[in-house]
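Written below as structure tokens is the structure these notes are about.
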Amino acid sequence: PPPPPPMAEFTTPSTYSDSTAAPASDPTSPKASSEPAAPGALSTLAAAVPSLDAVKARFAAVFDKSRPWAEFANTGQFARPGGVTELRERMTENGSYYLFNYLAVLAVLTVFTVLTSPLAIIGIVMIAAAYVQLFVVHPEAYEVFGMELDNQKKSGAVVVGSLVVLWLTGAGAAFTSLLVSLGVVSAVHAALRRAPSEADFDTAFAVDGP
């Protein structure tokens with residue numbers, strides 16, 4: 001006899017999903033921001049400050065590139081310039097030739113100022129933090145006590161605030177004396193030291209024979 005026909009297969013639809021459906025998001029619930037918060041003025045300023053090793057390396061580079069200090073301070077090569085033309089030539093040549101010596105003097109005076117006037121350094125940090133807060137962190141218009149400050153008003157506020165802070169902390173007097181001292185030392189040295197192009201410069205350290 002012929003085989004019986006195959007029976008049809010029926011499947012029952014599943015009423016449950018194998019995977020759990022994600023819950024619908026509530027539009028009223030606060031969403032976690034994936035963007036990092038904008039850094040503040042102090043953190044931005046701290047990130048711009050070089051590390052102690054970097055400062056040491058820069059100081060060492062300045063001293064390494066300096067001319068020999070015995071040559072720099074050799075009073076035997078000091079002489080009054082013969083005129084305005086020679087004075088201008090000396091200051092131009094010596095300013096370039098002894099540039100790193102002058103920078104080394106500036107570094108020493110800066111360290112001395114920091115050690116003797118710590119309050120002045122605090123004032124400088126406060127001014128720098130205010131500038132970063134107003135112009136780097138918030139370059140757009142800034143609102144303070146309900147008053148909107150544009151860039152012009154912010155600049156005026158920084159200038160006035162800086163003058164007050166410099167006066168209260170003594171930073172203005174400290175760094176003004178530093179720059180004046182450096183300017184006087186550099187100008188006097190550059191004016192009186194014989195320039196590298198002068199004839200007896202190469203023989204200044206020559207050792208005479210017996």
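By convention here, the chains of the structure tokens are called A, B, ... in the order presented, each chain's residues are numbered starting at 1, and ligands are numbered starting at 1 in the order presented.
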Practice task
Could you give me the residues within segment 82-197 of chain A that DSSP places in alpha helix (DSSP H), as a PyMOL selection string?
Solution key: chain A and resi 84-97+99-116+118-131+151-169+171-192
Please report, as JSON lines, each residue of segment 101-161 of chain A lying at most 10 Å from segment 181-190 of chain A, together with the nearest pair of atoms and the separation in Å rounded to one decimal; use only C-alpha atoms, and order rows by chain and ascending residue number.
```
{"residue": "A:Asn101", "atom": "CA", "partner": "A:Ser186", "partner_atom": "CA", "distance": 9.3}
{"residue": "A:Tyr102", "atom": "CA", "partner": "A:Ser186", "partner_atom": "CA", "distance": 6.4}
{"residue": "A:Leu103", "atom": "CA", "partner": "A:Leu182", "partner_atom": "CA", "distance": 9.1}
{"residue": "A:Val105", "atom": "CA", "partner": "A:Leu182", "partner_atom": "CA", "distance": 7.3}
{"residue": "A:Leu106", "atom": "CA", "partner": "A:Leu182", "partner_atom": "CA", "distance": 6.3}
{"residue": "A:Leu109", "atom": "CA", "partner": "A:Leu182", "partner_atom": "CA", "distance": 8.0}
```
Go ahead and save the picked residues with all heavy atoms, as an mmCIF file, in the first residue's frame.
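Dumped everything to out.cif:
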```
data_model
loop_
_atom_site.group_PDB
_atom_site.id
_atom_site.type_symbol
_atom_site.label_atom_id
_atom_site.label_comp_id
_atom_site.auth_asym_id
_atom_site.auth_seq_id
_atom_site.Cartn_x
_atom_site.Cartn_y
_atom_site.Cartn_z
ATOM 1 N N ASN A 101 74.129 84.997 29.059
ATOM 2 C CA ASN A 101 74.656 85.462 30.347
ATOM 3 C C ASN A 101 73.662 86.410 31.010
ATOM 4 O O ASN A 101 73.441 86.327 32.223
ATOM 5 C CB ASN A 101 75.997 86.158 30.150
ATOM 6 C CG ASN A 101 77.075 85.219 29.660
ATOM 7 O OD1 ASN A 101 77.142 84.920 28.468
ATOM 8 N ND2 ASN A 101 77.921 84.731 30.553
ATOM 9 N N TYR A 102 73.080 87.293 30.213
ATOM 10 C CA TYR A 102 72.082 88.208 30.759
ATOM 11 C C TYR A 102 70.841 87.446 31.222
ATOM 12 O O TYR A 102 70.241 87.781 32.253
ATOM 13 C CB TYR A 102 71.703 89.262 29.723
ATOM 14 C CG TYR A 102 72.852 90.123 29.262
ATOM 15 C CD1 TYR A 102 72.978 90.527 27.936
ATOM 16 C CD2 TYR A 102 73.843 90.528 30.166
ATOM 17 C CE1 TYR A 102 74.041 91.314 27.519
ATOM 18 C CE2 TYR A 102 74.910 91.313 29.749
ATOM 19 C CZ TYR A 102 75.002 91.700 28.420
ATOM 20 O OH TYR A 102 76.068 92.480 28.019
ATOM 21 N N LEU A 103 70.445 86.415 30.484
ATOM 22 C CA LEU A 103 69.308 85.592 30.896
ATOM 23 C C LEU A 103 69.615 84.832 32.186
ATOM 24 O O LEU A 103 68.730 84.633 33.032
ATOM 25 C CB LEU A 103 68.927 84.613 29.787
ATOM 26 C CG LEU A 103 68.330 85.224 28.519
ATOM 27 C CD1 LEU A 103 68.046 84.139 27.487
ATOM 28 C CD2 LEU A 103 67.066 86.001 28.839
ATOM 29 N N VAL A 105 71.600 85.942 34.547
ATOM 30 C CA VAL A 105 71.468 86.961 35.599
ATOM 31 C C VAL A 105 69.991 87.174 35.934
ATOM 32 O O VAL A 105 69.615 87.291 37.111
ATOM 33 C CB VAL A 105 72.130 88.276 35.153
ATOM 34 C CG1 VAL A 105 71.865 89.385 36.172
ATOM 35 C CG2 VAL A 105 73.626 88.083 34.974
ATOM 36 N N LEU A 106 69.137 87.205 34.909
ATOM 37 C CA LEU A 106 67.705 87.346 35.138
ATOM 38 C C LEU A 106 67.166 86.176 35.951
ATOM 39 O O LEU A 106 66.340 86.361 36.862
ATOM 40 C CB LEU A 106 66.973 87.434 33.799
ATOM 41 C CG LEU A 106 65.440 87.420 33.857
ATOM 42 C CD1 LEU A 106 64.918 88.618 34.643
ATOM 43 C CD2 LEU A 106 64.852 87.392 32.459
ATOM 44 N N LEU A 109 68.201 86.637 39.607
ATOM 45 C CA LEU A 109 67.416 87.702 40.236
ATOM 46 C C LEU A 109 65.966 87.266 40.462
ATOM 47 O O LEU A 109 65.349 87.638 41.470
ATOM 48 C CB LEU A 109 67.450 88.958 39.363
ATOM 49 C CG LEU A 109 68.799 89.674 39.255
ATOM 50 C CD1 LEU A 109 68.696 90.862 38.300
ATOM 51 C CD2 LEU A 109 69.276 90.142 40.628
#
```
Handout entry: Shell around Asn94 of chain A at 10 Å using only C-alpha atoms, local window under 3 positions removed, as an MDAnalysis selection string
Key = chainID A and resid 72 88:91 97:99 186:187 189:197
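Proximity to Gly170 of chain A was assessed for A:Val62, A:His138, A:Thr116, A:Asp150 counting only C-alpha atoms; the smallest distance is recorded for A:Thr116.
Among the candidates A:Ser155, A:Phe112, A:Ala54, A:Glu198, the residue lying nearest to Ala79 of chain A is A:Glu198 (atoms considered: only C-alpha atoms).
Put simply, atom CA of Arg80 of chain A is 23.3 Å away from atom CA of Phe100 of chain A.
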Handout entry: Shell around Gln152 of chain A at 12 Å using only C-alpha atoms, local window under 2 positions removed, as a list of chain:residue names
Key = A:Leu134, A:Phe135, A:Pro139, A:Glu140, A:Ala141, A:Tyr142, A:Glu148, A:Leu149, A:Asp150, A:Lys154, A:Ser155, A:Gly156, A:Ala157, A:Val158, A:Val159
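Put simply, atom CA of Gly123 of chain A is 6.3 Å away from atom CA of Leu166 of chain A.
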Practice task
as number ranges by chain, list the residues of segment 41-173 of chain A assigned to strand (DSSP E or B) by DSSP on the backbone atoms of this structure.
Solution key: A: 78, 142-144, 147-149
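Residue nearest Met126 of chain A, chosen from A:Val111, A:Val144, A:Leu168, A:Ala104 and counting only C-alpha atoms: A:Leu168.
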Practice task
Might you pull out every residue within 8 Å of Ala174 of chain A, with only C-alpha atoms counted and same-chain residues fewer than 3 positions away left off, and present them as a VMD selection string?
Solution key: chain A and resid 113 117 120 170 to 171 177 to 178
Selection export as a compact mmCIF listing (two decimals), in the first residue's frame, atoms kept: all heavy atoms:
```
# COMPACT_ATOMS: atom_id res chain seq x y z
N THR A 113 64.04 87.10 43.99
CA THR A 113 62.77 87.80 44.21
C THR A 113 61.71 86.85 44.76
O THR A 113 60.94 87.20 45.65
CB THR A 113 62.27 88.42 42.89
OG1 THR A 113 63.27 89.32 42.40
CG2 THR A 113 60.98 89.18 43.09
N SER A 117 60.16 87.61 48.32
CA SER A 117 58.82 88.22 48.20
C SER A 117 57.79 87.17 47.80
O SER A 117 57.24 87.21 46.69
CB SER A 117 58.84 89.35 47.17
OG SER A 117 59.84 90.29 47.47
N ALA A 120 54.40 88.50 46.66
CA ALA A 120 54.35 89.01 45.29
C ALA A 120 54.02 87.90 44.30
O ALA A 120 53.28 88.11 43.34
CB ALA A 120 55.68 89.67 44.93
N GLY A 170 52.60 94.01 46.79
CA GLY A 170 53.96 94.49 46.56
C GLY A 170 54.63 93.85 45.36
O GLY A 170 55.84 93.99 45.17
N ALA A 171 53.85 93.12 44.54
CA ALA A 171 54.43 92.45 43.38
C ALA A 171 54.93 93.45 42.35
O ALA A 171 55.95 93.23 41.69
CB ALA A 171 53.39 91.52 42.74
N SER A 177 61.63 96.41 40.38
CA SER A 177 63.05 96.48 40.78
C SER A 177 63.89 95.40 40.09
O SER A 177 65.04 95.62 39.73
CB SER A 177 63.23 96.34 42.27
OG SER A 177 62.13 96.33 42.92
N LEU A 178 63.27 94.21 39.88
CA LEU A 178 64.00 93.13 39.20
C LEU A 178 64.35 93.56 37.77
O LEU A 178 65.50 93.41 37.33
CB LEU A 178 63.15 91.87 39.19
CG LEU A 178 63.75 90.59 38.61
CD1 LEU A 178 63.13 89.37 39.30
CD2 LEU A 178 63.53 90.46 37.12
```
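The smallest atom-to-atom distance between Ser162 of chain A and any of A:Ile124, A:Pro68, A:Gly82, A:Val137, using only C-alpha atoms, is found for A:Ile124.
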